[in-house]
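Data block for model37.pdb (PDB, C-alpha atoms):
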ATOM      1  CA  ASN P   9      10.190  13.016  42.095  1.00  0.00           C
ATOM      2  CA  ALA P  10      12.768  15.254  40.448  1.00  0.00           C
ATOM      3  CA  GLY P  11      15.425  12.514  40.519  1.00  0.00           C
ATOM      4  CA  VAL P  12      18.979  13.897  40.399  1.00  0.00           C
ATOM      5  CA  THR P  13      19.256  17.671  39.991  1.00  0.00           C
ATOM      6  CA  GLN P  14      22.467  19.443  39.075  1.00  0.00           C
ATOM      7  CA  THR P  15      23.097  23.170  39.075  1.00  0.00           C
ATOM      8  CA  PRO P  16      24.269  25.133  37.235  1.00  0.00           C
ATOM      9  CA  LYS P  17      23.864  23.697  33.721  1.00  0.00           C
ATOM     10  CA  PHE P  18      26.612  25.890  32.274  1.00  0.00           C
ATOM     11  CA  GLN P  19      29.487  27.802  33.874  1.00  0.00           C
ATOM     12  CA  VAL P  20      32.516  29.737  32.674  1.00  0.00           C
ATOM     13  CA  LEU P  21      35.335  30.312  35.159  1.00  0.00           C
ATOM     14  CA  LYS P  22      38.628  32.102  35.008  1.00  0.00           C
ATOM     15  CA  THR P  23      41.766  30.218  35.963  1.00  0.00           C
ATOM     16  CA  GLY P  24      42.215  30.299  39.725  1.00  0.00           C
ATOM     17  CA  GLN P  25      38.565  30.951  40.570  1.00  0.00           C
ATOM     18  CA  SER P  26      36.668  28.627  42.865  1.00  0.00           C
ATOM     19  CA  MET P  27      33.140  27.307  42.579  1.00  0.00           C
ATOM     20  CA  THR P  28      30.806  24.605  43.796  1.00  0.00           C
ATOM     21  CA  LEU P  29      28.765  22.340  41.551  1.00  0.00           C
ATOM     22  CA  GLN P  30      25.563  21.331  43.277  1.00  0.00           C
ATOM     23  CA  CYS P  31      23.926  17.917  43.178  1.00  0.00           C
ATOM     24  CA  ALA P  32      20.748  16.904  44.960  1.00  0.00           C
ATOM     25  CA  GLN P  33      18.626  13.747  44.832  1.00  0.00           C
ATOM     26  CA  ASP P  34      15.178  13.102  46.258  1.00  0.00           C
ATOM     27  CA  MET P  35      15.132   9.298  45.985  1.00  0.00           C
ATOM     28  CA  ASN P  36      16.679   8.589  49.409  1.00  0.00           C
ATOM     29  CA  HIS P  37      19.646   6.923  47.705  1.00  0.00           C
ATOM     30  CA  GLU P  38      22.671   6.016  49.803  1.00  0.00           C
ATOM     31  CA  TYR P  39      25.322   6.233  47.132  1.00  0.00           C
ATOM     32  CA  MET P  40      26.220   9.387  45.231  1.00  0.00           C
ATOM     33  CA  SER P  41      29.103  10.060  42.884  1.00  0.00           C
ATOM     34  CA  TRP P  42      30.665  12.621  40.562  1.00  0.00           C
ATOM     35  CA  TYR P  43      32.028  11.909  37.079  1.00  0.00           C
ATOM     36  CA  ARG P  44      33.669  13.975  34.420  1.00  0.00           C
ATOM     37  CA  GLN P  45      33.363  13.430  30.688  1.00  0.00           C
ATOM     38  CA  ASP P  46      35.985  14.724  28.300  1.00  0.00           C
ATOM     39  CA  PRO P  47      35.491  14.823  24.507  1.00  0.00           C
ATOM     40  CA  GLY P  48      35.360  11.401  22.894  1.00  0.00           C
ATOM     41  CA  MET P  49      35.645   9.597  26.197  1.00  0.00           C
ATOM     42  CA  GLY P  50      33.512   7.748  28.634  1.00  0.00           C
ATOM     43  CA  LEU P  51      32.815   9.056  32.114  1.00  0.00           C
ATOM     44  CA  ARG P  52      35.523   8.873  34.765  1.00  0.00           C
ATOM     45  CA  LEU P  53      34.853   8.800  38.504  1.00  0.00           C
ATOM     46  CA  ILE P  54      36.053  11.801  40.528  1.00  0.00           C
ATOM     47  CA  HIS P  55      34.673  11.189  44.046  1.00  0.00           C
ATOM     48  CA  TYR P  56      31.932   9.092  45.549  1.00  0.00           C
ATOM     49  CA  SER P  57      30.030   8.686  48.792  1.00  0.00           C
ATOM     50  CA  VAL P  58      28.333   5.644  50.305  1.00  0.00           C
ATOM     51  CA  GLY P  59      26.415   7.680  52.859  1.00  0.00           C
ATOM     52  CA  ALA P  60      26.277  10.916  54.820  1.00  0.00           C
ATOM     53  CA  GLY P  61      29.692  11.702  56.294  1.00  0.00           C
ATOM     54  CA  ILE P  62      31.529   9.147  54.130  1.00  0.00           C
ATOM     55  CA  THR P  63      33.428  10.067  50.967  1.00  0.00           C
ATOM     56  CA  ASP P  64      36.290   8.571  48.999  1.00  0.00           C
ATOM     57  CA  GLN P  65      38.365   9.249  45.940  1.00  0.00           C
ATOM     58  CA  GLY P  66      37.739   7.873  42.505  1.00  0.00           C
ATOM     59  CA  GLU P  67      39.968   7.653  39.458  1.00  0.00           C
ATOM     60  CA  VAL P  68      40.599  11.402  38.915  1.00  0.00           C
ATOM     61  CA  PRO P  69      40.210  13.219  42.281  1.00  0.00           C
ATOM     62  CA  ASN P  70      42.976  15.830  42.030  1.00  0.00           C
ATOM     63  CA  GLY P  71      41.742  19.425  42.126  1.00  0.00           C
ATOM     64  CA  TYR P  72      38.325  18.521  43.551  1.00  0.00           C
ATOM     65  CA  ASN P  73      36.876  18.351  47.060  1.00  0.00           C
ATOM     66  CA  VAL P  74      33.613  16.842  48.248  1.00  0.00           C
ATOM     67  CA  SER P  75      31.657  16.490  51.457  1.00  0.00           C
ATOM     68  CA  ARG P  76      28.350  14.832  52.264  1.00  0.00           C
ATOM     69  CA  SER P  77      26.557  16.313  55.231  1.00  0.00           C
ATOM     70  CA  THR P  78      23.091  15.063  54.222  1.00  0.00           C
ATOM     71  CA  THR P  79      21.735  12.077  52.302  1.00  0.00           C
ATOM     72  CA  GLU P  80      20.259  14.370  49.661  1.00  0.00           C
ATOM     73  CA  ASP P  81      23.195  16.608  48.725  1.00  0.00           C
ATOM     74  CA  PHE P  82      26.676  15.958  47.366  1.00  0.00           C
ATOM     75  CA  PRO P  83      28.425  19.161  46.234  1.00  0.00           C
ATOM     76  CA  LEU P  84      31.676  19.148  44.234  1.00  0.00           C
ATOM     77  CA  ARG P  85      34.122  21.963  44.918  1.00  0.00           C
ATOM     78  CA  LEU P  86      36.816  23.293  42.635  1.00  0.00           C
ATOM     79  CA  LEU P  87      39.165  25.283  44.862  1.00  0.00           C
ATOM     80  CA  SER P  88      41.348  26.810  42.128  1.00  0.00           C
ATOM     81  CA  ALA P  89      40.053  26.109  38.644  1.00  0.00           C
ATOM     82  CA  ALA P  90      42.479  25.099  35.900  1.00  0.00           C
ATOM     83  CA  PRO P  91      41.907  24.814  32.127  1.00  0.00           C
ATOM     84  CA  SER P  92      42.392  21.029  32.469  1.00  0.00           C
ATOM     85  CA  GLN P  93      39.143  20.974  34.444  1.00  0.00           C
ATOM     86  CA  THR P  94      37.152  22.080  31.416  1.00  0.00           C
ATOM     87  CA  SER P  95      34.730  19.211  31.046  1.00  0.00           C
ATOM     88  CA  VAL P  96      31.157  18.078  31.457  1.00  0.00           C
ATOM     89  CA  TYR P  97      30.385  16.965  35.002  1.00  0.00           C
ATOM     90  CA  PHE P  98      27.744  14.432  35.911  1.00  0.00           C
ATOM     91  CA  CYS P  99      26.373  13.523  39.303  1.00  0.00           C
ATOM     92  CA  ALA P 100      24.784  10.129  39.912  1.00  0.00           C
ATOM     93  CA  SER P 101      22.931   8.393  42.703  1.00  0.00           C
ATOM     94  CA  THR P 102      22.274   4.733  43.463  1.00  0.00           C
ATOM     95  CA  LEU P 103      20.026   3.129  46.040  1.00  0.00           C
ATOM     96  CA  GLY P 104      22.938   1.228  47.575  1.00  0.00           C
ATOM     97  CA  GLY P 105      22.906  -1.857  49.709  1.00  0.00           C
ATOM     98  CA  GLY P 106      24.753  -5.118  49.304  1.00  0.00           C
ATOM     99  CA  LEU P 107      23.480  -5.917  45.829  1.00  0.00           C
ATOM    100  CA  GLY P 108      23.988  -3.806  42.735  1.00  0.00           C
ATOM    101  CA  THR P 109      21.254  -1.370  41.889  1.00  0.00           C
ATOM    102  CA  GLU P 110      20.533   1.012  39.070  1.00  0.00           C
ATOM    103  CA  ALA P 111      22.307   4.370  38.913  1.00  0.00           C
ATOM    104  CA  PHE P 112      20.559   7.553  37.849  1.00  0.00           C
ATOM    105  CA  PHE P 113      22.307  10.613  36.448  1.00  0.00           C
ATOM    106  CA  GLY P 114      21.689  14.326  36.531  1.00  0.00           C
ATOM    107  CA  GLN P 115      21.558  16.480  33.416  1.00  0.00           C
ATOM    108  CA  GLY P 116      25.213  17.486  33.636  1.00  0.00           C
ATOM    109  CA  THR P 117      27.117  20.734  34.142  1.00  0.00           C
ATOM    110  CA  ARG P 118      29.200  22.016  31.258  1.00  0.00           C
ATOM    111  CA  LEU P 119      32.202  23.848  32.742  1.00  0.00           C
ATOM    112  CA  THR P 120      34.692  25.933  30.784  1.00  0.00           C
ATOM    113  CA  VAL P 121      37.825  27.288  32.457  1.00  0.00           C
ATOM    114  CA  VAL P 122      39.554  30.083  30.549  1.00  0.00           C
TER     115      VAL P 122
ATOM    116  CA  GLY M  11      40.405  -2.479  38.277  1.00  0.00           C
ATOM    117  CA  ILE M  12      37.764  -3.710  35.918  1.00  0.00           C
ATOM    118  CA  GLN M  13      38.284  -2.938  32.242  1.00  0.00           C
ATOM    119  CA  VAL M  14      35.296  -2.299  29.993  1.00  0.00           C
ATOM    120  CA  GLU M  15      35.630  -2.497  26.221  1.00  0.00           C
ATOM    121  CA  GLN M  16      32.921  -1.589  23.754  1.00  0.00           C
ATOM    122  CA  SER M  17      32.730  -2.383  20.076  1.00  0.00           C
ATOM    123  CA  PRO M  18      32.452  -1.103  17.486  1.00  0.00           C
ATOM    124  CA  PRO M  19      33.654   2.422  18.347  1.00  0.00           C
ATOM    125  CA  ASP M  20      31.618   3.925  15.499  1.00  0.00           C
ATOM    126  CA  LEU M  21      28.643   2.744  13.504  1.00  0.00           C
ATOM    127  CA  ILE M  22      26.738   4.311  10.631  1.00  0.00           C
ATOM    128  CA  LEU M  23      23.362   2.849   9.726  1.00  0.00           C
ATOM    129  CA  GLN M  24      20.614   3.524   7.265  1.00  0.00           C
ATOM    130  CA  GLU M  25      17.250   4.117   8.890  1.00  0.00           C
ATOM    131  CA  GLY M  26      15.439   0.808   9.352  1.00  0.00           C
ATOM    132  CA  ALA M  27      18.581  -1.298   9.763  1.00  0.00           C
ATOM    133  CA  ASN M  28      19.377  -3.462  12.772  1.00  0.00           C
ATOM    134  CA  SER M  29      22.553  -3.377  14.845  1.00  0.00           C
ATOM    135  CA  THR M  30      24.332  -5.115  17.702  1.00  0.00           C
ATOM    136  CA  LEU M  31      26.631  -3.324  20.137  1.00  0.00           C
ATOM    137  CA  ARG M  32      28.971  -5.307  22.360  1.00  0.00           C
ATOM    138  CA  CYS M  33      30.400  -4.704  25.838  1.00  0.00           C
ATOM    139  CA  ASN M  34      33.154  -6.908  27.279  1.00  0.00           C
ATOM    140  CA  PHE M  35      34.247  -6.632  30.893  1.00  0.00           C
ATOM    141  CA  SER M  36      37.246  -8.118  32.625  1.00  0.00           C
ATOM    142  CA  ASP M  37      35.864  -9.267  35.990  1.00  0.00           C
ATOM    143  CA  SER M  38      32.648 -10.295  37.740  1.00  0.00           C
ATOM    144  CA  VAL M  39      30.115  -7.516  38.211  1.00  0.00           C
ATOM    145  CA  ASN M  40      26.911  -6.996  40.157  1.00  0.00           C
ATOM    146  CA  ASN M  41      25.662  -4.104  38.063  1.00  0.00           C
ATOM    147  CA  LEU M  42      25.709  -3.529  34.329  1.00  0.00           C
ATOM    148  CA  GLN M  43      23.869  -0.689  32.674  1.00  0.00           C
ATOM    149  CA  TRP M  44      23.427   0.561  29.127  1.00  0.00           C
ATOM    150  CA  PHE M  45      23.008   4.290  28.555  1.00  0.00           C
ATOM    151  CA  HIS M  46      22.210   6.401  25.536  1.00  0.00           C
ATOM    152  CA  GLN M  47      23.805   9.837  25.453  1.00  0.00           C
ATOM    153  CA  ASN M  48      21.699  11.952  23.134  1.00  0.00           C
ATOM    154  CA  PRO M  49      23.053  14.822  21.025  1.00  0.00           C
ATOM    155  CA  TRP M  50      22.196  17.232  23.858  1.00  0.00           C
ATOM    156  CA  GLY M  51      24.469  15.363  26.226  1.00  0.00           C
ATOM    157  CA  GLN M  52      21.793  13.764  28.403  1.00  0.00           C
ATOM    158  CA  LEU M  53      22.484  10.295  29.745  1.00  0.00           C
ATOM    159  CA  ILE M  54      19.377   8.171  29.381  1.00  0.00           C
ATOM    160  CA  ASN M  55      19.054   4.859  31.197  1.00  0.00           C
ATOM    161  CA  LEU M  56      18.277   2.088  28.732  1.00  0.00           C
ATOM    162  CA  PHE M  57      18.762  -1.108  30.711  1.00  0.00           C
ATOM    163  CA  TYR M  58      19.889  -2.259  34.121  1.00  0.00           C
ATOM    164  CA  ILE M  59      20.955  -5.794  33.235  1.00  0.00           C
ATOM    165  CA  PRO M  60      23.613  -7.560  35.351  1.00  0.00           C
ATOM    166  CA  SER M  61      22.424 -10.840  33.834  1.00  0.00           C
ATOM    167  CA  GLY M  62      19.733 -12.223  31.549  1.00  0.00           C
ATOM    168  CA  THR M  63      17.720 -10.605  28.766  1.00  0.00           C
ATOM    169  CA  LYS M  64      15.417  -7.594  28.713  1.00  0.00           C
ATOM    170  CA  GLN M  65      13.430  -5.900  25.994  1.00  0.00           C
ATOM    171  CA  ASN M  66      12.017  -2.407  25.718  1.00  0.00           C
ATOM    172  CA  GLY M  67      10.323  -1.700  22.403  1.00  0.00           C
ATOM    173  CA  ARG M  68      12.874  -1.843  19.579  1.00  0.00           C
ATOM    174  CA  LEU M  69      15.751  -2.245  22.012  1.00  0.00           C
ATOM    175  CA  SER M  70      16.817  -5.354  23.818  1.00  0.00           C
ATOM    176  CA  ALA M  71      19.864  -6.378  25.832  1.00  0.00           C
ATOM    177  CA  THR M  72      21.452  -9.612  26.926  1.00  0.00           C
ATOM    178  CA  THR M  73      24.169 -10.077  29.524  1.00  0.00           C
ATOM    179  CA  VAL M  74      26.044 -13.366  29.851  1.00  0.00           C
ATOM    180  CA  ALA M  75      27.717 -12.761  33.185  1.00  0.00           C
ATOM    181  CA  THR M  76      29.677 -16.044  33.201  1.00  0.00           C
ATOM    182  CA  GLU M  77      31.324 -15.075  29.896  1.00  0.00           C
ATOM    183  CA  ARG M  78      31.660 -11.390  30.842  1.00  0.00           C
ATOM    184  CA  TYR M  79      29.896  -9.705  27.990  1.00  0.00           C
ATOM    185  CA  SER M  80      26.703  -7.875  27.207  1.00  0.00           C
ATOM    186  CA  LEU M  81      24.975  -7.111  23.910  1.00  0.00           C
ATOM    187  CA  LEU M  82      22.606  -4.287  23.026  1.00  0.00           C
ATOM    188  CA  TYR M  83      20.336  -4.874  20.047  1.00  0.00           C
ATOM    189  CA  ILE M  84      18.693  -2.035  18.167  1.00  0.00           C
ATOM    190  CA  SER M  85      16.103  -3.067  15.605  1.00  0.00           C
ATOM    191  CA  SER M  86      14.494  -0.940  12.884  1.00  0.00           C
ATOM    192  CA  SER M  87      16.763   1.966  13.764  1.00  0.00           C
ATOM    193  CA  GLN M  88      15.488   5.537  13.625  1.00  0.00           C
ATOM    194  CA  THR M  89      17.346   8.832  13.325  1.00  0.00           C
ATOM    195  CA  THR M  90      16.478   9.534  16.956  1.00  0.00           C
ATOM    196  CA  ASP M  91      18.612   6.534  17.941  1.00  0.00           C
ATOM    197  CA  SER M  92      21.711   8.520  16.991  1.00  0.00           C
ATOM    198  CA  GLY M  93      24.141   9.355  19.766  1.00  0.00           C
ATOM    199  CA  VAL M  94      26.642   7.520  21.923  1.00  0.00           C
ATOM    200  CA  TYR M  95      25.837   4.268  23.689  1.00  0.00           C
ATOM    201  CA  PHE M  96      27.730   3.517  26.876  1.00  0.00           C
ATOM    202  CA  CYS M  97      28.069   0.351  28.847  1.00  0.00           C
ATOM    203  CA  ALA M  98      28.992   0.730  32.528  1.00  0.00           C
ATOM    204  CA  VAL M  99      29.633  -1.841  35.247  1.00  0.00           C
ATOM    205  CA  VAL M 100      30.119  -2.006  39.012  1.00  0.00           C
ATOM    206  CA  GLY M 101      32.391  -4.660  40.502  1.00  0.00           C
ATOM    207  CA  TYR M 102      31.457  -6.595  43.618  1.00  0.00           C
ATOM    208  CA  ASN M 103      31.915  -4.604  46.839  1.00  0.00           C
ATOM    209  CA  GLN M 104      32.557  -1.474  44.800  1.00  0.00           C
ATOM    210  CA  GLY M 105      29.599   0.555  46.040  1.00  0.00           C
ATOM    211  CA  GLY M 106      28.041   2.679  43.321  1.00  0.00           C
ATOM    212  CA  LYS M 107      31.279   3.163  41.423  1.00  0.00           C
ATOM    213  CA  LEU M 108      30.443   2.756  37.762  1.00  0.00           C
ATOM    214  CA  ILE M 109      33.255   1.972  35.325  1.00  0.00           C
ATOM    215  CA  PHE M 110      32.392   3.147  31.821  1.00  0.00           C
ATOM    216  CA  GLY M 111      33.433   1.880  28.457  1.00  0.00           C
ATOM    217  CA  GLN M 112      34.529   4.324  25.778  1.00  0.00           C
ATOM    218  CA  GLY M 113      31.183   4.162  24.040  1.00  0.00           C
ATOM    219  CA  THR M 114      29.852   3.354  20.581  1.00  0.00           C
ATOM    220  CA  GLU M 115      28.923   6.378  18.488  1.00  0.00           C
ATOM    221  CA  LEU M 116      25.889   5.567  16.361  1.00  0.00           C
ATOM    222  CA  SER M 117      24.739   7.668  13.454  1.00  0.00           C
ATOM    223  CA  VAL M 118      21.452   6.740  11.763  1.00  0.00           C
ATOM    224  CA  LYS M 119      20.958   8.308   8.339  1.00  0.00           C
ATOM    225  CA  PRO M 120      17.478   8.965   6.892  1.00  0.00           C
TER     226      PRO M 120
END
Could you write out this structure as structure tokens?
Amino acid sequence: NAGVTQTPKFQVLKTGQSMTLQCAQDMNHEYMSWYRQDPGMGLRLIHYSVGAGITDQGEVPNGYNVSRSTTEDFPLRLLSAAPSQTSVYFCASTLGGGLGTEAFFGQGTRLTVV
Amino acid sequence: GIQVEQSPPDLILQEGANSTLRCNFSDSVNNLQWFHQNPWGQLINLFYIPSGTKQNGRLSATTVATERYSLLYISSSQTTDSGVYFCAVVGYNQGGKLIFGQGTELSVKP
């Protein structure tokens, strides 16, 4: 099992450009989520999904779109990048269900917007 | 929403020393995890511990859910233990939405 795979690992964008950060998991997990980490801070939730076709906003959703057409994939879209979106982005997946279960994270994508 | 507070924010140790990191949370949770973020930025799962005590080598963790805190113990620290330690929780009926603390930055000197 590869676990949670994020691509790309690094990306530089110009202000106003769009891009999609990819996240895939091969553990048949129901829940997937995106976080951003800014210097000296913990991770903050951007968007999450509890299953294919179901998404919702987290703490810092502005400027980001998501969709979940399959169980395995949960891409994060930046429609018009801004310097404030310079950050490290992490994708996570969790088995799901009624009880809490362990979350697993991808390696992260370091994004710089100039 | 749930608040997560970690202490201390920074810690400098001599190699071989022991340490205790604390995580306080403001409401009942059904998931609590400890992570180590290494100097390369990777998040490494240390413990999934919504309650009770677990041990893994030189590391152990205890969560007292009724009193809303968790402790991470590092014994005989090594330079490779350096990095940031995060505590994260999920509230009841909150899906997989982890709420992170601000982290404890640990530096182990040789």
Requested in this report: Using only C-alpha atoms, give me every residue within 10 Å of (19.4, 7.4, 5.5) in file coordinates, as a ChimeraX atom specification.
Outcome: /M:22-27,88-89,117-120
Just C-alpha atoms for this one: save the residues we selected as an mmCIF file, keeping the file's coordinate frame.
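Contents of again34.cif, as written:
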data_model
loop_
_atom_site.group_PDB
_atom_site.id
_atom_site.type_symbol
_atom_site.label_atom_id
_atom_site.label_comp_id
_atom_site.auth_asym_id
_atom_site.auth_seq_id
_atom_site.Cartn_x
_atom_site.Cartn_y
_atom_site.Cartn_z
ATOM 1 C CA ILE M 22 26.738 4.311 10.631
ATOM 2 C CA LEU M 23 23.362 2.849 9.726
ATOM 3 C CA GLN M 24 20.614 3.524 7.265
ATOM 4 C CA GLU M 25 17.250 4.117 8.890
ATOM 5 C CA GLY M 26 15.439 0.808 9.352
ATOM 6 C CA ALA M 27 18.581 -1.298 9.763
ATOM 7 C CA GLN M 88 15.488 5.537 13.625
ATOM 8 C CA THR M 89 17.346 8.832 13.325
ATOM 9 C CA SER M 117 24.739 7.668 13.454
ATOM 10 C CA VAL M 118 21.452 6.740 11.763
ATOM 11 C CA LYS M 119 20.958 8.308 8.339
ATOM 12 C CA PRO M 120 17.478 8.965 6.892
#
List every residue of chain P that has an atom at most 9 Å from any atom of chain M, giving for each one its closest atom pair and the distance in Å to one decimal, counting all atoms listed in the file, sorted by chain and then by ascending residue number, as a tab-separated table.
residue	atom	partner	partner_atom	distance
P:Tyr39	CA	M:Gly106	CA	5.9
P:Met40	CA	M:Gly106	CA	7.2
P:Ser41	CA	M:Lys107	CA	7.4
P:Gly48	CA	M:Gln112	CA	7.7
P:Met49	CA	M:Gln112	CA	5.4
P:Gly50	CA	M:Gln112	CA	4.6
P:Leu51	CA	M:Phe110	CA	5.9
P:Arg52	CA	M:Phe110	CA	7.2
P:Leu53	CA	M:Lys107	CA	7.3
P:Tyr56	CA	M:Lys107	CA	7.3
P:Ser57	CA	M:Gly106	CA	8.4
P:Val58	CA	M:Gly105	CA	6.8
P:Gly66	CA	M:Lys107	CA	8.1
P:Val96	CA	M:Gly51	CA	8.9
P:Ala100	CA	M:Gly106	CA	8.8
P:Ser101	CA	M:Gly106	CA	7.7
P:Thr102	CA	M:Gly106	CA	6.1
P:Leu103	CA	M:Gly106	CA	8.5
P:Gly104	CA	M:Gly106	CA	6.8
P:Gly105	CA	M:Gly105	CA	8.0
P:Gly106	CA	M:Asn103	CA	7.6
P:Leu107	CA	M:Asn40	CA	6.7
P:Gly108	CA	M:Asn41	CA	5.0
P:Thr109	CA	M:Asn41	CA	6.4
P:Glu110	CA	M:Tyr58	CA	6.0
P:Ala111	CA	M:Gly106	CA	7.4
P:Phe112	CA	M:Asn55	CA	7.3
P:Phe113	CA	M:Leu53	CA	6.7
P:Gly114	CA	M:Leu53	CA	7.9
P:Gln115	CA	M:Gln52	CA	5.7
P:Gly116	CA	M:Gln52	CA	7.3
Report task. May I ask which of the residues P:Gln14, P:Asp46, P:Asn73, P:Glu80 is the closest one to Gln33 in chain P, counting all atoms listed in the file? Result ->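 Among the listed residues, the smallest separation from Gln33 in chain P belongs to P:Glu80.
Selection by the PyMOL selection byres ((chain M and resi 85) around 7) on the present file picks out Ala27, Asn28, Ser29, Arg68, Leu69, Tyr83, Ile84, Ser86 and Ser87 of chain M.
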Query raised in the report: Rounded to one decimal in Å, what is the spacing between CA of Arg44 in chain P and CA of Asp81 in chain P?
Result: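 Straight-line distance from CA of Arg44 in chain P to CA of Asp81 in chain P works out to 17.9 Å.
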Query raised in the report: Which residue gives the smallest distance to Ala75 in chain M among M:Pro49, M:Gly62, M:Gly93, M:Pro19, with all atoms listed in the file counted?
Result: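 Answer, going by the shortest atom-to-atom distance: M:Gly62.
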Query raised in the report: Excluding same-chain residues fewer than 6 positions from range 119-122 of chain P, what lies within 12 Å of it counting all atoms listed in the file, as a PyMOL selection string?
Result: chain P and resi 15-29+44-46+86+88-98
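Each of M:Gly11, M:Ser17, M:His46, M:Cys33 was checked against Asp91 in chain M using all atoms listed in the file; the smallest atom-to-atom distance is that of M:His46.
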Report task. Quick one: pull the distance between CA of Val12 in chain P and CA of Glu15 in chain M, Å, one decimal. Result ->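 Rounded to one decimal, the two atoms are 27.3 Å apart.
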Enumerate, as a compact mmCIF listing (two decimals) with C-alpha atoms, in the frame of the given file, the residues matched when the PyMOL selection byres ((chain P and resi 74) around 9) is run on the file above.
# COMPACT_ATOMS: atom_id res chain seq x y z
CA HIS P 55 34.67 11.19 44.05
CA TYR P 56 31.93 9.09 45.55
CA SER P 57 30.03 8.69 48.79
CA THR P 63 33.43 10.07 50.97
CA ASP P 64 36.29 8.57 49.00
CA TYR P 72 38.33 18.52 43.55
CA ASN P 73 36.88 18.35 47.06
CA SER P 75 31.66 16.49 51.46
CA ARG P 76 28.35 14.83 52.26
CA PHE P 82 26.68 15.96 47.37
CA PRO P 83 28.42 19.16 46.23
CA LEU P 84 31.68 19.15 44.23
CA ARG P 85 34.12 21.96 44.92
Requested in this report: Measure the distance from CA of Ser36 in chain M to CA of Thr63 in chain M in Å and round it to one decimal.
Outcome: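 Interatomic distance here is 20.1 Å.
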**Report entry** Shortest interatomic distance to Val68 in chain P - which of P:Ala32, P:Leu87, P:Ile54, P:Glu38, counting all atoms listed in the file
**Finding:** P:Ile54
Export range 88-93 of chain M from the structure block above, keeping all heavy atoms, as a compact mmCIF listing (two decimals), in the first residue's frame.
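Result file follows (part-v9.txt):
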# COMPACT_ATOMS: atom_id res chain seq x y z
N GLN M 88 17.21 11.45 21.76
CA GLN M 88 18.27 11.40 20.76
C GLN M 88 18.11 12.59 19.82
O GLN M 88 17.02 13.16 19.71
CB GLN M 88 18.18 10.08 19.98
CG GLN M 88 18.32 8.86 20.85
CD GLN M 88 18.13 7.56 20.11
OE1 GLN M 88 17.84 7.54 18.91
NE2 GLN M 88 18.29 6.45 20.81
N THR M 89 19.18 12.92 19.13
CA THR M 89 19.12 14.09 18.23
C THR M 89 18.05 13.91 17.16
O THR M 89 17.44 14.87 16.69
CB THR M 89 20.47 14.36 17.57
OG1 THR M 89 20.91 13.18 16.90
CG2 THR M 89 21.52 14.75 18.63
N THR M 90 17.79 12.66 16.80
CA THR M 90 16.76 12.40 15.78
C THR M 90 15.35 12.63 16.29
O THR M 90 14.40 12.62 15.51
CB THR M 90 16.88 10.94 15.29
OG1 THR M 90 16.87 10.07 16.44
CG2 THR M 90 18.14 10.72 14.49
N ASP M 91 15.20 12.87 17.59
CA ASP M 91 13.89 13.21 18.14
C ASP M 91 13.55 14.68 17.89
O ASP M 91 12.40 15.10 18.11
CB ASP M 91 13.84 12.96 19.65
CG ASP M 91 13.97 11.49 20.01
OD1 ASP M 91 13.55 10.64 19.19
OD2 ASP M 91 14.49 11.18 21.10
N SER M 92 14.50 15.45 17.44
CA SER M 92 14.25 16.88 17.19
C SER M 92 13.14 17.06 16.16
O SER M 92 12.94 16.22 15.27
CB SER M 92 15.53 17.56 16.70
OG SER M 92 16.52 17.55 17.71
N GLY M 93 12.44 18.19 16.29
CA GLY M 93 11.34 18.48 15.38
C GLY M 93 10.18 19.06 16.16
O GLY M 93 10.33 19.49 17.31
